[in-house]
file work_16.pdb (PDB, C-alpha atoms)
ATOM      1  CA  MET S   1     -18.447  -8.188   5.740
ATOM      2  CA  ASP S   2     -16.781  -4.886   4.925
ATOM      3  CA  ILE S   3     -13.361  -5.418   3.347
ATOM      4  CA  PHE S   4     -10.825  -2.649   2.626
ATOM      5  CA  ASP S   5      -8.159  -3.123  -0.046
ATOM      6  CA  SER S   6      -5.544  -0.831   1.452
ATOM      7  CA  HIS S   7      -3.264  -0.685  -1.600
ATOM      8  CA  CYS S   8      -4.109  -1.021  -5.290
ATOM      9  CA  HIS S   9      -3.282   0.687  -8.570
ATOM     10  CA  LEU S  10      -6.665   1.014 -10.232
ATOM     11  CA  ASP S  11      -5.207   3.855 -12.279
ATOM     12  CA  ASP S  12      -3.255   1.223 -14.240
ATOM     13  CA  ARG S  13      -4.136   1.143 -17.934
ATOM     14  CA  SER S  14      -4.946  -2.576 -17.731
ATOM     15  CA  PHE S  15      -8.176  -1.670 -15.928
ATOM     16  CA  GLU S  16      -9.477   0.725 -18.559
ATOM     17  CA  PRO S  17     -11.400  -1.827 -20.689
ATOM     18  CA  ASP S  18     -13.490  -3.202 -17.792
ATOM     19  CA  PHE S  19     -13.185  -0.703 -14.945
ATOM     20  CA  GLN S  20     -16.885  -0.785 -14.036
ATOM     21  CA  ASP S  21     -16.844  -4.587 -14.002
ATOM     22  CA  VAL S  22     -13.824  -4.521 -11.687
ATOM     23  CA  LEU S  23     -15.757  -2.341  -9.246
ATOM     24  CA  HIS S  24     -18.833  -4.573  -9.500
ATOM     25  CA  ARG S  25     -16.752  -7.691  -8.779
ATOM     26  CA  ALA S  26     -15.176  -5.942  -5.809
ATOM     27  CA  ALA S  27     -18.600  -5.072  -4.401
ATOM     28  CA  ALA S  28     -19.787  -8.662  -4.928
ATOM     29  CA  ALA S  29     -16.746  -9.825  -2.923
ATOM     30  CA  GLU S  30     -17.663  -7.339  -0.135
ATOM     31  CA  VAL S  31     -14.669  -5.132  -0.905
ATOM     32  CA  HIS S  32     -16.297  -1.782  -0.275
ATOM     33  CA  ARG S  33     -13.271   0.501  -0.053
ATOM     34  CA  MET S  34     -10.033   0.755  -2.002
ATOM     35  CA  MET S  35      -6.926   2.906  -1.660
ATOM     36  CA  VAL S  36      -5.650   3.931  -5.109
ATOM     37  CA  VAL S  37      -1.935   4.584  -4.701
ATOM     38  CA  GLY S  38       0.113   7.018  -6.760
ATOM     39  CA  ILE S  39       3.707   6.231  -7.716
ATOM     40  CA  ASP S  40       4.567   9.262  -9.880
ATOM     41  CA  ARG S  41       2.913  12.453 -11.133
ATOM     42  CA  PRO S  42       0.643  10.902 -13.819
ATOM     43  CA  THR S  43      -0.547   8.019 -11.623
ATOM     44  CA  SER S  44      -1.136  10.339  -8.688
ATOM     45  CA  ASP S  45      -3.248  12.590 -10.918
ATOM     46  CA  ARG S  46      -5.274   9.596 -12.102
ATOM     47  CA  ALA S  47      -5.660   8.220  -8.578
ATOM     48  CA  VAL S  48      -7.184  11.483  -7.364
ATOM     49  CA  THR S  49      -9.494  11.668 -10.384
ATOM     50  CA  LEU S  50     -10.770   8.140  -9.754
ATOM     51  CA  ALA S  51     -11.225   8.743  -6.029
ATOM     52  CA  ASN S  52     -13.396  11.762  -6.757
ATOM     53  CA  ARG S  53     -15.391   9.953  -9.407
ATOM     54  CA  TYR S  54     -16.275   6.765  -7.516
ATOM     55  CA  SER S  55     -17.642   6.189  -4.040
ATOM     56  CA  GLY S  56     -15.476   4.042  -1.804
ATOM     57  CA  LEU S  57     -12.206   5.001  -3.496
ATOM     58  CA  PHE S  58      -9.483   7.047  -1.811
ATOM     59  CA  ALA S  59      -6.124   8.230  -3.109
ATOM     60  CA  SER S  60      -2.516   8.767  -2.167
ATOM     61  CA  VAL S  61       0.158  10.740  -4.011
ATOM     62  CA  GLY S  62       3.898  10.213  -4.110
ATOM     63  CA  ILE S  63       7.036   9.236  -5.999
ATOM     64  CA  HIS S  64       8.031   5.568  -5.936
ATOM     65  CA  PRO S  65      11.750   4.814  -5.529
ATOM     66  CA  HIS S  66      11.785   3.352  -9.058
ATOM     67  CA  ASP S  67      10.838   6.814 -10.368
ATOM     68  CA  ALA S  68      13.147   8.848  -8.145
ATOM     69  CA  GLN S  69      15.638   9.723 -10.877
ATOM     70  CA  SER S  70      12.945  11.612 -12.812
ATOM     71  CA  CYS S  71      11.641  13.480  -9.757
ATOM     72  CA  THR S  72      12.074  17.245  -9.495
ATOM     73  CA  GLN S  73      11.064  19.899  -7.010
ATOM     74  CA  GLU S  74       8.403  20.997  -9.501
ATOM     75  CA  THR S  75       6.982  17.462  -9.416
ATOM     76  CA  LEU S  76       6.705  17.577  -5.649
ATOM     77  CA  THR S  77       5.181  21.059  -5.745
ATOM     78  CA  HIS S  78       2.473  19.667  -8.031
ATOM     79  CA  LEU S  79       1.852  16.675  -5.750
ATOM     80  CA  THR S  80       1.733  18.918  -2.690
ATOM     81  CA  ALA S  81      -1.026  20.962  -4.300
ATOM     82  CA  LEU S  82      -2.795  17.770  -5.352
ATOM     83  CA  ALA S  83      -2.687  16.531  -1.759
ATOM     84  CA  SER S  84      -5.057  19.316  -0.712
ATOM     85  CA  ASP S  85      -7.891  17.331  -2.299
ATOM     86  CA  PRO S  86     -10.086  15.829   0.464
ATOM     87  CA  LYS S  87      -9.890  12.391  -1.165
ATOM     88  CA  VAL S  88      -6.091  12.317  -0.727
ATOM     89  CA  VAL S  89      -5.568  10.634   2.625
ATOM     90  CA  ALA S  90      -1.902   9.533   2.472
ATOM     91  CA  TRP S  91       1.499  10.255   0.950
ATOM     92  CA  GLY S  92       3.109   7.362  -0.892
ATOM     93  CA  GLU S  93       4.146   5.019  -2.044
ATOM     94  CA  ILE S  94       7.645   6.120  -1.168
ATOM     95  CA  GLY S  95      10.724   4.353   0.105
ATOM     96  CA  LEU S  96      13.812   2.522  -1.069
ATOM     97  CA  ASP S  97      14.293  -0.321  -3.533
ATOM     98  CA  PHE S  98      17.861  -1.564  -3.872
ATOM     99  CA  ASN S  99      16.785  -4.744  -5.651
ATOM    100  CA  ARG S 100      16.055  -3.595  -9.192
ATOM    101  CA  MET S 101      17.774  -0.207  -8.894
ATOM    102  CA  HIS S 102      15.613   1.539 -11.494
ATOM    103  CA  SER S 103      16.883   4.768  -9.911
ATOM    104  CA  PRO S 104      20.310   5.435  -8.380
ATOM    105  CA  ARG S 105      20.552   5.114  -4.622
ATOM    106  CA  LYS S 106      21.436   8.779  -4.169
ATOM    107  CA  ASP S 107      18.261   9.836  -5.998
ATOM    108  CA  GLN S 108      16.099   7.405  -4.047
ATOM    109  CA  GLU S 109      17.415   8.676  -0.723
ATOM    110  CA  ARG S 110      17.303  12.369  -1.678
ATOM    111  CA  TRP S 111      13.686  12.341  -2.772
ATOM    112  CA  LEU S 112      12.578  10.005   0.003
ATOM    113  CA  ILE S 113      13.860  12.462   2.590
ATOM    114  CA  ARG S 114      12.207  15.391   0.811
ATOM    115  CA  GLN S 115       8.887  13.545   0.665
ATOM    116  CA  LEU S 116       9.101  12.681   4.338
ATOM    117  CA  GLU S 117       9.448  16.400   5.041
ATOM    118  CA  ILE S 118       6.416  17.223   2.890
ATOM    119  CA  ALA S 119       4.258  14.546   4.523
ATOM    120  CA  GLU S 120       5.248  15.931   7.911
ATOM    121  CA  THR S 121       4.230  19.442   6.853
ATOM    122  CA  LEU S 122       0.921  18.202   5.429
ATOM    123  CA  ASP S 123       0.298  15.874   8.390
ATOM    124  CA  LEU S 124      -0.395  12.888   6.145
ATOM    125  CA  PRO S 125       0.167   9.214   6.965
ATOM    126  CA  LEU S 126       2.777   7.406   4.886
ATOM    127  CA  ILE S 127       2.817   4.375   2.604
ATOM    128  CA  PHE S 128       6.269   2.785   2.480
ATOM    129  CA  HIS S 129       7.849   0.591  -0.170
ATOM    130  CA  GLU S 130      10.982  -1.253   0.961
ATOM    131  CA  ARG S 131      12.964  -3.905  -0.839
ATOM    132  CA  ASP S 132      16.512  -5.025  -0.049
ATOM    133  CA  SER S 133      17.522  -1.716   1.518
ATOM    134  CA  GLN S 134      19.519  -3.615   4.165
ATOM    135  CA  GLY S 135      18.201  -1.449   6.973
ATOM    136  CA  ARG S 136      18.840   1.853   5.199
ATOM    137  CA  LEU S 137      15.158   2.824   5.227
ATOM    138  CA  LEU S 138      15.080   2.368   8.984
ATOM    139  CA  GLU S 139      18.279   4.418   9.331
ATOM    140  CA  ILE S 140      16.758   7.314   7.395
ATOM    141  CA  LEU S 141      13.507   7.163   9.340
ATOM    142  CA  LYS S 142      15.406   7.257  12.633
ATOM    143  CA  THR S 143      16.964  10.585  11.633
ATOM    144  CA  THR S 144      13.635  12.226  10.794
ATOM    145  CA  THR S 145      10.427  12.966  12.621
ATOM    146  CA  SER S 146       8.827  10.291  10.436
ATOM    147  CA  THR S 147       9.383   7.771  13.216
ATOM    148  CA  CYS S 148       6.335   9.390  14.810
ATOM    149  CA  ARG S 149       4.159   9.506  11.699
ATOM    150  CA  PRO S 150       1.409   6.949  11.109
ATOM    151  CA  ALA S 151       2.568   4.644   8.327
ATOM    152  CA  VAL S 152       2.104   1.281   6.681
ATOM    153  CA  VAL S 153       4.883  -0.919   5.347
ATOM    154  CA  HIS S 154       3.238  -1.948   2.098
ATOM    155  CA  CYS S 155       3.655  -5.526   0.829
ATOM    156  CA  PHE S 156       5.746  -6.607   3.791
ATOM    157  CA  SER S 157       8.155  -9.387   2.867
ATOM    158  CA  GLY S 158      11.042  -8.743   5.231
ATOM    159  CA  THR S 159      12.613 -10.640   8.098
ATOM    160  CA  GLY S 160      11.302 -11.211  11.585
ATOM    161  CA  ALA S 161      13.822  -8.693  12.921
ATOM    162  CA  GLU S 162      12.610  -6.080  10.432
ATOM    163  CA  LEU S 163       9.020  -6.795  11.376
ATOM    164  CA  ASP S 164       9.877  -6.201  15.032
ATOM    165  CA  ARG S 165      11.535  -2.879  14.189
ATOM    166  CA  TYR S 166       8.569  -1.667  12.183
ATOM    167  CA  LEU S 167       6.168  -2.631  14.948
ATOM    168  CA  GLU S 168       8.342  -0.889  17.535
ATOM    169  CA  MET S 169       8.047   2.266  15.420
ATOM    170  CA  GLY S 170       4.260   1.971  15.514
ATOM    171  CA  PHE S 171       3.841   1.130  11.825
ATOM    172  CA  TYR S 172       1.068  -0.933  10.297
ATOM    173  CA  ILE S 173       1.933  -3.990   8.205
ATOM    174  CA  GLY S 174       0.347  -4.595   4.791
ATOM    175  CA  ILE S 175      -0.111  -8.231   3.738
ATOM    176  CA  THR S 176      -0.553  -9.101   0.055
ATOM    177  CA  GLY S 177      -1.416 -12.214  -1.918
ATOM    178  CA  ILE S 178       2.132 -13.475  -1.352
ATOM    179  CA  VAL S 179       0.766 -14.980   1.868
ATOM    180  CA  THR S 180      -1.336 -17.376  -0.233
ATOM    181  CA  VAL S 181       1.535 -18.666  -2.389
ATOM    182  CA  SER S 182       2.786 -22.104  -1.345
ATOM    183  CA  LYS S 183       6.589 -21.753  -1.311
ATOM    184  CA  ARG S 184       7.158 -18.013  -1.578
ATOM    185  CA  GLY S 185       4.586 -17.206   1.095
ATOM    186  CA  LYS S 186       5.813 -19.606   3.774
ATOM    187  CA  PRO S 187       7.943 -17.094   5.749
ATOM    188  CA  LEU S 188       5.128 -14.545   5.630
ATOM    189  CA  ARG S 189       2.591 -17.099   6.870
ATOM    190  CA  GLN S 190       4.922 -17.884   9.760
ATOM    191  CA  MET S 191       5.284 -14.213  10.761
ATOM    192  CA  THR S 192       1.707 -13.053  10.219
ATOM    193  CA  PRO S 193       0.330 -14.452  13.507
ATOM    194  CA  SER S 194       2.828 -12.300  15.434
ATOM    195  CA  ILE S 195       1.465  -9.035  14.023
ATOM    196  CA  PRO S 196      -0.731  -7.327  16.636
ATOM    197  CA  PRO S 197      -4.377  -7.327  15.505
ATOM    198  CA  ASP S 198      -4.568  -3.530  15.539
ATOM    199  CA  ARG S 199      -1.566  -3.166  13.174
ATOM    200  CA  LEU S 200      -2.690  -5.472  10.397
ATOM    201  CA  LEU S 201      -3.780  -4.395   6.900
ATOM    202  CA  ILE S 202      -4.537  -6.418   3.763
ATOM    203  CA  GLU S 203      -3.986  -5.372   0.165
ATOM    204  CA  THR S 204      -3.832  -6.568  -3.408
ATOM    205  CA  ASP S 205      -1.223  -4.282  -4.986
ATOM    206  CA  ALA S 206      -3.401  -4.855  -8.064
ATOM    207  CA  PRO S 207      -2.714  -5.379 -10.911
ATOM    208  CA  TYR S 208       0.291  -7.190  -9.399
ATOM    209  CA  LEU S 209       0.723 -10.116  -6.963
ATOM    210  CA  THR S 210      -2.400 -12.091  -7.818
ATOM    211  CA  PRO S 211      -3.180 -14.487  -4.940
ATOM    212  CA  THR S 212      -3.811 -18.192  -5.091
ATOM    213  CA  PRO S 213      -6.042 -19.657  -6.489
ATOM    214  CA  GLN S 214      -6.773 -16.791  -8.909
ATOM    215  CA  ARG S 215      -3.133 -16.615 -10.026
ATOM    216  CA  ASN S 216      -3.623 -19.984 -11.714
ATOM    217  CA  LYS S 217      -6.273 -18.447 -13.982
ATOM    218  CA  TYR S 218      -5.772 -14.676 -14.119
ATOM    219  CA  ARG S 219      -2.599 -12.716 -14.823
ATOM    220  CA  ARG S 220      -4.080  -9.426 -13.581
ATOM    221  CA  ASN S 221      -4.864  -8.967  -9.909
ATOM    222  CA  GLU S 222      -7.884  -6.880  -8.857
ATOM    223  CA  PRO S 223      -9.445  -5.674  -5.578
ATOM    224  CA  ALA S 224     -12.036  -8.479  -5.414
ATOM    225  CA  PHE S 225      -9.177 -10.917  -4.878
ATOM    226  CA  VAL S 226      -8.143  -9.304  -1.574
ATOM    227  CA  ARG S 227     -10.816 -11.545  -0.085
ATOM    228  CA  GLU S 228      -8.418 -14.478  -0.587
ATOM    229  CA  VAL S 229      -5.762 -12.610   1.377
ATOM    230  CA  LEU S 230      -8.222 -12.036   4.204
ATOM    231  CA  PHE S 231      -9.196 -15.696   4.418
ATOM    232  CA  LYS S 232      -5.586 -16.934   4.319
ATOM    233  CA  VAL S 233      -4.552 -14.479   7.031
ATOM    234  CA  ALA S 234      -7.541 -15.572   9.133
ATOM    235  CA  GLU S 235      -6.540 -19.203   8.607
ATOM    236  CA  VAL S 236      -2.921 -18.802   9.726
ATOM    237  CA  ARG S 237      -3.959 -16.608  12.672
ATOM    238  CA  LYS S 238      -6.752 -19.048  13.590
ATOM    239  CA  GLU S 239      -9.315 -16.234  13.620
ATOM    240  CA  ASP S 240     -12.828 -15.823  12.313
ATOM    241  CA  PRO S 241     -12.670 -14.112   8.888
ATOM    242  CA  ALA S 242     -15.641 -11.825   9.587
ATOM    243  CA  ALA S 243     -14.203 -10.640  12.895
ATOM    244  CA  LEU S 244     -10.784 -10.167  11.298
ATOM    245  CA  ALA S 245     -12.309  -8.194   8.409
ATOM    246  CA  GLU S 246     -13.954  -5.844  10.903
ATOM    247  CA  GLN S 247     -10.671  -5.360  12.763
ATOM    248  CA  ILE S 248      -8.744  -4.680   9.553
ATOM    249  CA  TRP S 249     -11.437  -2.278   8.314
ATOM    250  CA  ASP S 250     -11.112  -0.312  11.539
ATOM    251  CA  ASN S 251      -7.295  -0.388  11.311
ATOM    252  CA  THR S 252      -7.277   0.926   7.752
ATOM    253  CA  CYS S 253      -9.751   3.693   8.498
ATOM    254  CA  ARG S 254      -7.759   4.677  11.581
ATOM    255  CA  LEU S 255      -4.474   4.854   9.685
ATOM    256  CA  PHE S 256      -5.892   6.926   6.839
ATOM    257  CA  ARG S 257      -8.239   8.941   9.084
ATOM    258  CA  ILE S 258     -11.336   7.905   7.199
ATOM    259  CA  ASN S 259     -14.726   7.786   8.878
ATOM    260  CA  PRO S 260     -15.490   4.047   8.985
ATOM    261  CA  LYS S 261     -19.184   4.710   8.361
ATOM    262  CA  THR S 262     -19.037   7.001   5.312
ATOM    263  CA  SER S 263     -17.721   6.748   1.747
TER     264      SER S 263
END
call {"tool": "encode", "arguments": {"input": "work_16.pdb", "output": "structure tokens"}}
result
Amino acid sequence: MDIFDSHCHLDDRSFEPDFQDVLHRAAAAEVHRMMVVGIDRPTSDRAVTLANRYSGLFASVGIHPHDAQSCTQETLTHLTALASDPKVVAWGEIGLDFNRMHSPRKDQERWLIRQLEIAETLDLPLIFHERDSQGRLLEILKTTTSTCRPAVVHCFSGTGAELDRYLEMGFYIGITGIVTVSKRGKPLRQMTPSIPPDRLLIETDAPYLTPTPQRNKYRRNEPAFVREVLFKVAEVRKEDPAALAEQIWDNTCRLFRINPKTS
């Protein structure tokens, strides 16, 4: 199989001691491509460096809603220049998070809108983060041309109504290890079969959201564990894992405009 981890943070410092081993374990688990996602200026810089250093890695750049209050126009000018690198294939992760409120709402919305404008200018697909925005993300997207941009809703954990809205807008849906967790993952397991096969992505969000059964042994998530997400999604959709892996590989390459046959 060829498996694509569509969202991970391999730039995280927790991977520094055993980075090569992490890549070897991913390859052994048939995870042959990984999207390293930036969430601020330093992580975006590191994501691009890693993507250029290692085959099978790609990068995105962006400012996460948690970091919106420290964003400046100079930051976005730097990321815009960084996005000219051929290994940068998306803008994100961006969005709204009204759960933890690490940044004020006004800052989150201001810099989200500015980043949507930049992604439109650069013609890059988007990676969205949304948590407890009560429909505000959808409201903002409806007022911009971003409703027409290719995008993935990363780590989807919303309602059925929200899922329908995202699908109506043509977005892809990213499923994490939450789908494997007994109680917390039940709503997601119920909704996953209704996602059209050509809109489905899988991801780890490593080093976070370790799936079952690895979460019982390891605190840190890593790309090799996305295989568990694949098999759980195949189980709840009653599909063959190998066929589903091929479909998801094609979906991920299509979204990020990556040749499915080259690294």
call {"tool": "residues_around", "arguments": {"input": "work_16.pdb", "residues": "S:Ser194", "least_positions_apart": "4", "cutoff": "12 Å", "atoms": "only C-alpha atoms", "output": "list in words"}}
result
Gly160, Ala161, Leu163, Asp164, Leu167, Ile173, Pro187, Leu188, Arg189, Gln190, Asp198, Arg199, Leu200, Val233, Val236, Arg237 and Lys238 of chain S
call {"tool": "atom_distance", "arguments": {"input": "work_16.pdb", "atom1": "atom CA of S:His24", "atom2": "atom CA of S:Pro223"}}
result
10.2 Å
call {"tool": "residues_around", "arguments": {"input": "work_16.pdb", "residues": "S:Val61", "least_positions_apart": "4", "cutoff": "8 Å", "atoms": "only C-alpha atoms", "output": "NGL selection string"}}
result
:S and (37-41 or 44-45 or 47 or 79 or 82-83 or 88 or 90-93)
call {"tool": "resolve_selection", "arguments": {"input": "work_16.pdb", "expression": "the PyMOL selection byres ((chain S and resi 261) around 12)", "output": "PyMOL selection string"}}
result
chain S and resi 2+32-33+56+249-250+253-254+257-260+262-263
call {"tool": "closest_residue", "arguments": {"input": "work_16.pdb", "among": "S:Cys155, S:Ala206, S:Ile63, S:Ala28", "to": "S:Gly185", "atoms": "all atoms listed in the file"}}
result
S:Cys155
call {"tool": "residues_around", "arguments": {"input": "work_16.pdb", "residues": "S:Asn221", "least_positions_apart": "4", "cutoff": "8 Å", "atoms": "only C-alpha atoms", "output": "list in words"}}
result
Thr204, Asp205, Ala206, Pro207, Tyr208, Leu209, Thr210, Pro211, Arg215 and Phe225 of chain S
call {"tool": "resolve_selection", "arguments": {"input": "work_16.pdb", "expression": "the PyMOL selection byres ((chain S and resi 151) around 9)", "output": "PyMOL selection string"}}
result
chain S and resi 90+125-128+146-150+152-153+170-173+255-256
call {"tool": "write_last_selection", "arguments": {"input": "work_16.pdb", "atoms": "C-alpha atoms", "output": "short mmCIF file (atom, residue, chain, number, x, y, z; two decimals), in the coordinates of the input"}}
result
data_model
loop_
_atom_site.label_atom_id
_atom_site.label_comp_id
_atom_site.auth_asym_id
_atom_site.auth_seq_id
_atom_site.Cartn_x
_atom_site.Cartn_y
_atom_site.Cartn_z
CA ALA S 90 -1.90 9.53 2.47
CA PRO S 125 0.17 9.21 6.96
CA LEU S 126 2.78 7.41 4.89
CA ILE S 127 2.82 4.38 2.60
CA PHE S 128 6.27 2.78 2.48
CA SER S 146 8.83 10.29 10.44
CA THR S 147 9.38 7.77 13.22
CA CYS S 148 6.34 9.39 14.81
CA ARG S 149 4.16 9.51 11.70
CA PRO S 150 1.41 6.95 11.11
CA VAL S 152 2.10 1.28 6.68
CA VAL S 153 4.88 -0.92 5.35
CA GLY S 170 4.26 1.97 15.51
CA PHE S 171 3.84 1.13 11.82
CA TYR S 172 1.07 -0.93 10.30
CA ILE S 173 1.93 -3.99 8.20
CA LEU S 255 -4.47 4.85 9.68
CA PHE S 256 -5.89 6.93 6.84
#
call {"tool": "closest_residue", "arguments": {"input": "work_16.pdb", "among": "S:Ala81, S:Ser157, S:Pro196, S:Met101", "to": "S:Arg184", "atoms": "all atoms listed in the file"}}
result
S:Ser157
call {"tool": "atom_distance", "arguments": {"input": "work_16.pdb", "atom1": "atom CA of S:Trp111", "atom2": "atom CA of S:Leu96"}}
result
10.0 Å
call {"tool": "resolve_selection", "arguments": {"input": "work_16.pdb", "expression": "the PyMOL selection byres ((chain S and resi 108) around 9)", "output": "list in words"}}
result
His64, Pro65, His66, Asp67, Ala68, Gln69, Gly95, Leu96, Asp97, Ser103, Pro104, Arg105, Lys106, Asp107, Glu109, Arg110, Trp111, Leu112 and Ile113 of chain S
call {"tool": "closest_residue", "arguments": {"input": "work_16.pdb", "among": "S:Phe156, S:Val89, S:Tyr54, S:Lys232", "to": "S:Ser182", "atoms": "all atoms listed in the file"}}
result
S:Lys232
call {"tool": "axis_aligned_box", "arguments": {"input": "work_16.pdb", "around": "stretch 227-233 of chain S", "padding_each_side": "8 Å", "output": "AutoDock Vina command-line options"}}
result
--center_x -7.7 --center_y -14.2 --center_z 3.2 --size_x 22.3 --size_y 21.4 --size_z 23.6
call {"tool": "atom_distance", "arguments": {"input": "work_16.pdb", "atom1": "atom CA of S:Ala234", "atom2": "atom CA of S:Gln247"}}
result
11.3 Å
call {"tool": "residues_around", "arguments": {"input": "work_16.pdb", "residues": "S:Leu50", "least_positions_apart": "5", "cutoff": "9 Å", "atoms": "only C-alpha atoms", "output": "number ranges by chain"}}
result
S: 10-11, 36, 45, 57-59
call {"tool": "closest_residue", "arguments": {"input": "work_16.pdb", "among": "S:Thr180, S:Ser6, S:Gln73, S:Thr144", "to": "S:Phe231", "atoms": "only C-alpha atoms"}}
result
S:Thr180
call {"tool": "residues_near_point", "arguments": {"input": "work_16.pdb", "point": "(-4.2, -0.8, 3.2)", "cutoff": "8 Å", "atoms": "all atoms listed in the file", "output": "list in words"}}
result
Phe4, Asp5, Ser6, His7, Met34, Met35, Val152, His154, Gly174, Leu201, Ile202, Glu203 and Thr252 of chain S
call {"tool": "closest_residue", "arguments": {"input": "work_16.pdb", "among": "S:Gly158, S:Ile118, S:Asp12, S:Leu124", "to": "S:Pro86", "atoms": "all atoms listed in the file"}}
result
S:Leu124
call {"tool": "closest_residue", "arguments": {"input": "work_16.pdb", "among": "S:Arg13, S:Arg114, S:Arg227, S:Arg53", "to": "S:Thr72", "atoms": "only C-alpha atoms"}}
result
S:Arg114
call {"tool": "decode", "arguments": {"input": "work_16.pdb", "residues": "stretch 3-9 of chain S", "atoms": "all heavy atoms", "output": "PDB file, in the first residue's frame"}}
result
ATOM      1  N   ILE S   3       0.472   4.928   1.654  1.00  0.00           N
ATOM      2  CA  ILE S   3      -0.338   5.693   2.598  1.00  0.00           C
ATOM      3  C   ILE S   3       0.239   7.098   2.719  1.00  0.00           C
ATOM      4  O   ILE S   3       1.458   7.279   2.783  1.00  0.00           O
ATOM      5  CB  ILE S   3      -0.371   5.006   3.979  1.00  0.00           C
ATOM      6  CG1 ILE S   3      -0.900   3.573   3.848  1.00  0.00           C
ATOM      7  CG2 ILE S   3      -1.233   5.799   4.962  1.00  0.00           C
ATOM      8  CD1 ILE S   3      -0.847   2.772   5.142  1.00  0.00           C
ATOM      9  N   PHE S   4      -0.641   8.097   2.760  1.00  0.00           N
ATOM     10  CA  PHE S   4      -0.256   9.509   2.830  1.00  0.00           C
ATOM     11  C   PHE S   4      -0.785  10.084   4.140  1.00  0.00           C
ATOM     12  O   PHE S   4      -1.986  10.138   4.349  1.00  0.00           O
ATOM     13  CB  PHE S   4      -0.855  10.262   1.633  1.00  0.00           C
ATOM     14  CG  PHE S   4      -0.166  11.553   1.273  1.00  0.00           C
ATOM     15  CD1 PHE S   4       0.062  11.877  -0.058  1.00  0.00           C
ATOM     16  CD2 PHE S   4       0.237  12.460   2.249  1.00  0.00           C
ATOM     17  CE1 PHE S   4       0.692  13.065  -0.416  1.00  0.00           C
ATOM     18  CE2 PHE S   4       0.868  13.637   1.905  1.00  0.00           C
ATOM     19  CZ  PHE S   4       1.094  13.951   0.574  1.00  0.00           C
ATOM     20  N   ASP S   5       0.120  10.501   5.015  1.00  0.00           N
ATOM     21  CA  ASP S   5      -0.265  11.235   6.220  1.00  0.00           C
ATOM     22  C   ASP S   5      -0.425  12.694   5.819  1.00  0.00           C
ATOM     23  O   ASP S   5       0.562  13.398   5.602  1.00  0.00           O
ATOM     24  CB  ASP S   5       0.791  11.074   7.314  1.00  0.00           C
ATOM     25  CG  ASP S   5       0.426  11.790   8.607  1.00  0.00           C
ATOM     26  OD1 ASP S   5      -0.639  12.444   8.653  1.00  0.00           O
ATOM     27  OD2 ASP S   5       1.209  11.697   9.575  1.00  0.00           O
ATOM     28  N   SER S   6      -1.664  13.145   5.717  1.00  0.00           N
ATOM     29  CA  SER S   6      -1.931  14.456   5.130  1.00  0.00           C
ATOM     30  C   SER S   6      -1.725  15.622   6.082  1.00  0.00           C
ATOM     31  O   SER S   6      -1.874  16.786   5.671  1.00  0.00           O
ATOM     32  CB  SER S   6      -3.365  14.503   4.582  1.00  0.00           C
ATOM     33  OG  SER S   6      -4.304  14.401   5.641  1.00  0.00           O
ATOM     34  N   HIS S   7      -1.372  15.341   7.354  1.00  0.00           N
ATOM     35  CA  HIS S   7      -1.192  16.445   8.296  1.00  0.00           C
ATOM     36  C   HIS S   7      -0.389  15.968   9.495  1.00  0.00           C
ATOM     37  O   HIS S   7      -0.875  15.176  10.318  1.00  0.00           O
ATOM     38  CB  HIS S   7      -2.558  16.951   8.775  1.00  0.00           C
ATOM     39  CG  HIS S   7      -2.512  18.258   9.512  1.00  0.00           C
ATOM     40  ND1 HIS S   7      -3.118  19.400   9.022  1.00  0.00           N
ATOM     41  CD2 HIS S   7      -1.966  18.604  10.700  1.00  0.00           C
ATOM     42  CE1 HIS S   7      -2.938  20.392   9.889  1.00  0.00           C
ATOM     43  NE2 HIS S   7      -2.243  19.925  10.923  1.00  0.00           N
ATOM     44  N   CYS S   8       0.849  16.440   9.598  1.00  0.00           N
ATOM     45  CA  CYS S   8       1.685  16.126  10.759  1.00  0.00           C
ATOM     46  C   CYS S   8       2.614  17.291  11.023  1.00  0.00           C
ATOM     47  O   CYS S   8       2.796  18.170  10.177  1.00  0.00           O
ATOM     48  CB  CYS S   8       2.467  14.828  10.557  1.00  0.00           C
ATOM     49  SG  CYS S   8       3.635  14.847   9.181  1.00  0.00           S
ATOM     50  N   HIS S   9       3.200  17.292  12.218  1.00  0.00           N
ATOM     51  CA  HIS S   9       4.106  18.370  12.620  1.00  0.00           C
ATOM     52  C   HIS S   9       5.468  17.778  12.953  1.00  0.00           C
ATOM     53  O   HIS S   9       5.923  17.806  14.105  1.00  0.00           O
ATOM     54  CB  HIS S   9       3.512  19.123  13.811  1.00  0.00           C
ATOM     55  CG  HIS S   9       2.177  19.741  13.520  1.00  0.00           C
ATOM     56  ND1 HIS S   9       2.036  20.939  12.838  1.00  0.00           N
ATOM     57  CD2 HIS S   9       0.917  19.314  13.781  1.00  0.00           C
ATOM     58  CE1 HIS S   9       0.747  21.227  12.717  1.00  0.00           C
ATOM     59  NE2 HIS S   9       0.052  20.249  13.280  1.00  0.00           N
TER      60      HIS S   9
END
